[in-house]
Amino acid sequence: MDGYTTHGVALTRPPGAHPAEGIVTHIARSAVDPVLAARQYTIYQETLASAGWRVVEVDAAPEHPDSVFVEDTLVVCEDLAVVTRPGARERRGEIEGAERAARSLGLRVARIEEPGTLEGGDVLQVGSTVYVGVGGRTDVEGAEQLQRLLAPLDRKVCQVPLGRVLHLKSAVTALPDDSLVGLPDLVEASHLPPIRRVPEEPGAHVVPLGGRDVLVSAAARETVQLLAAEHWRVLPVDISEFEKLEGCVTCLSVLVPDRPEAAS
């Protein structure tokens, strides 16, 4: 299409047939509609594509009900994909397919090794600083391994102790201007730059998609209005079935931006 450019690749992974069997930690379990979940996943993909991302699916892992939350299996920084070692043992079988997907994109691959644990939902990249939530699914050893892997890329890793929250990005995320939004009471906020409190829990989760485009849960109605008033182009998506499993808009994709040298 003339004049159409992409920002890069968005990796997603299809939900399994039994998403309701996924792990819940801090919320009560409730019924999940697998048909509606599949529809919401497709619309999520279409929204990414509409914002200029080429959607690539990681091989399905139907035996792993949480595998749709592909973010937890990979951390991508420049041309390096770090294959994680999930803190939830039940999820460690998900990483093989994620690694294959990373290699298919030509990324260099490194791994978090035993005994460290790290999940991508705990990794928030803001400029050259990488904040890593520890105390839940990610431990200090995993964070320190990530620091060693990212040091050659001139990234500084800062550990952030978590409160009663699944992942760091369940509580705090960053807008395209690198300002933080979220629920500061759920983390040790003194380890982070100032966090602007959002009106509702789903509003803590934003995905910058390039330019002024921001992906937000449709459940965050007040946050959507707030961001739109600040002239962000807000793309709301309904992910209600995944939110029943402590998922959020960040969990359902891994964004791999185009690299200038790869595009030339």
# chains A, B, ... in the order shown; residues from 1 in each chain; ligands from 1

call {"tool": "select_by_dssp", "arguments": {"residues": "region 17-251 of chain A", "states": "strand (DSSP E)", "output": "VMD selection string"}}
result
chain A and resid 53 to 57 74 to 77 80 to 83 108 to 111 123 to 126 129 to 134 156 to 161 172 to 174 180 to 182 195 to 197 206 to 208 213 to 217 233 to 237

call {"tool": "residues_around", "arguments": {"residues": "region 241-255 of chain A", "least_positions_apart": "4", "cutoff": "8 Å", "atoms": "only C-alpha atoms", "output": "VMD selection string"}}
result
chain A and resid 8 to 13 20 22 to 27 29 to 33 36 to 37 40 68 to 72 74 to 76 121 166 169 to 170 202 205 to 207 215 to 217

call {"tool": "atom_distance", "arguments": {"atom1": "CA of Val56 (chain A)", "atom2": "CA of Gly127 (chain A)"}}
result
25.1 Å

call {"tool": "residues_around", "arguments": {"residues": "Val165 (chain A)", "least_positions_apart": "6", "cutoff": "8 Å", "atoms": "only C-alpha atoms", "output": "tab-separated table (two decimals) with all heavy atoms, in the first residue's frame"}}
result
chain	number	residue	atom	x	y	z
A	26	HIS	N	-4.27	-13.23	42.44
A	26	HIS	CA	-4.73	-12.19	43.35
A	26	HIS	C	-6.21	-11.86	43.17
A	26	HIS	O	-6.70	-10.93	43.83
A	26	HIS	CB	-3.90	-10.92	43.16
A	26	HIS	CG	-2.46	-11.08	43.50
A	26	HIS	ND1	-2.01	-11.34	44.76
A	26	HIS	CD2	-1.34	-11.04	42.72
A	26	HIS	CE1	-0.70	-11.44	44.78
A	26	HIS	NE2	-0.26	-11.26	43.54
A	136	GLY	N	7.56	-11.44	43.04
A	136	GLY	CA	6.44	-12.26	42.62
A	136	GLY	C	6.93	-13.39	41.73
A	136	GLY	O	7.62	-14.30	42.16
A	171	ALA	N	0.72	-3.02	37.44
A	171	ALA	CA	0.54	-1.82	38.27
A	171	ALA	C	0.97	-0.54	37.59
A	171	ALA	O	0.37	0.52	37.82
A	171	ALA	CB	1.32	-1.98	39.58
A	186	LEU	N	0.74	-0.23	44.67
A	186	LEU	CA	0.97	-1.66	44.47
A	186	LEU	C	2.45	-2.01	44.30
A	186	LEU	O	2.79	-3.19	44.17
A	186	LEU	CB	0.18	-2.15	43.25
A	186	LEU	CG	-1.34	-2.05	43.37
A	186	LEU	CD1	-2.00	-2.54	42.08
A	186	LEU	CD2	-1.84	-2.86	44.56
A	187	VAL	N	3.32	-1.01	44.28
A	187	VAL	CA	4.76	-1.24	44.12
A	187	VAL	C	5.50	-0.32	45.07
A	187	VAL	O	4.92	0.59	45.68
A	187	VAL	CB	5.21	-0.97	42.67
A	187	VAL	CG1	4.51	-1.88	41.69
A	187	VAL	CG2	4.98	0.50	42.29

call {"tool": "residues_around", "arguments": {"residues": "Glu78 (chain A)", "least_positions_apart": "3", "cutoff": "12 Å", "atoms": "only C-alpha atoms", "output": "PyMOL selection string"}}
result
chain A and resi 8+75+81-82+106-109+125+127-128+150+152-155+255-262
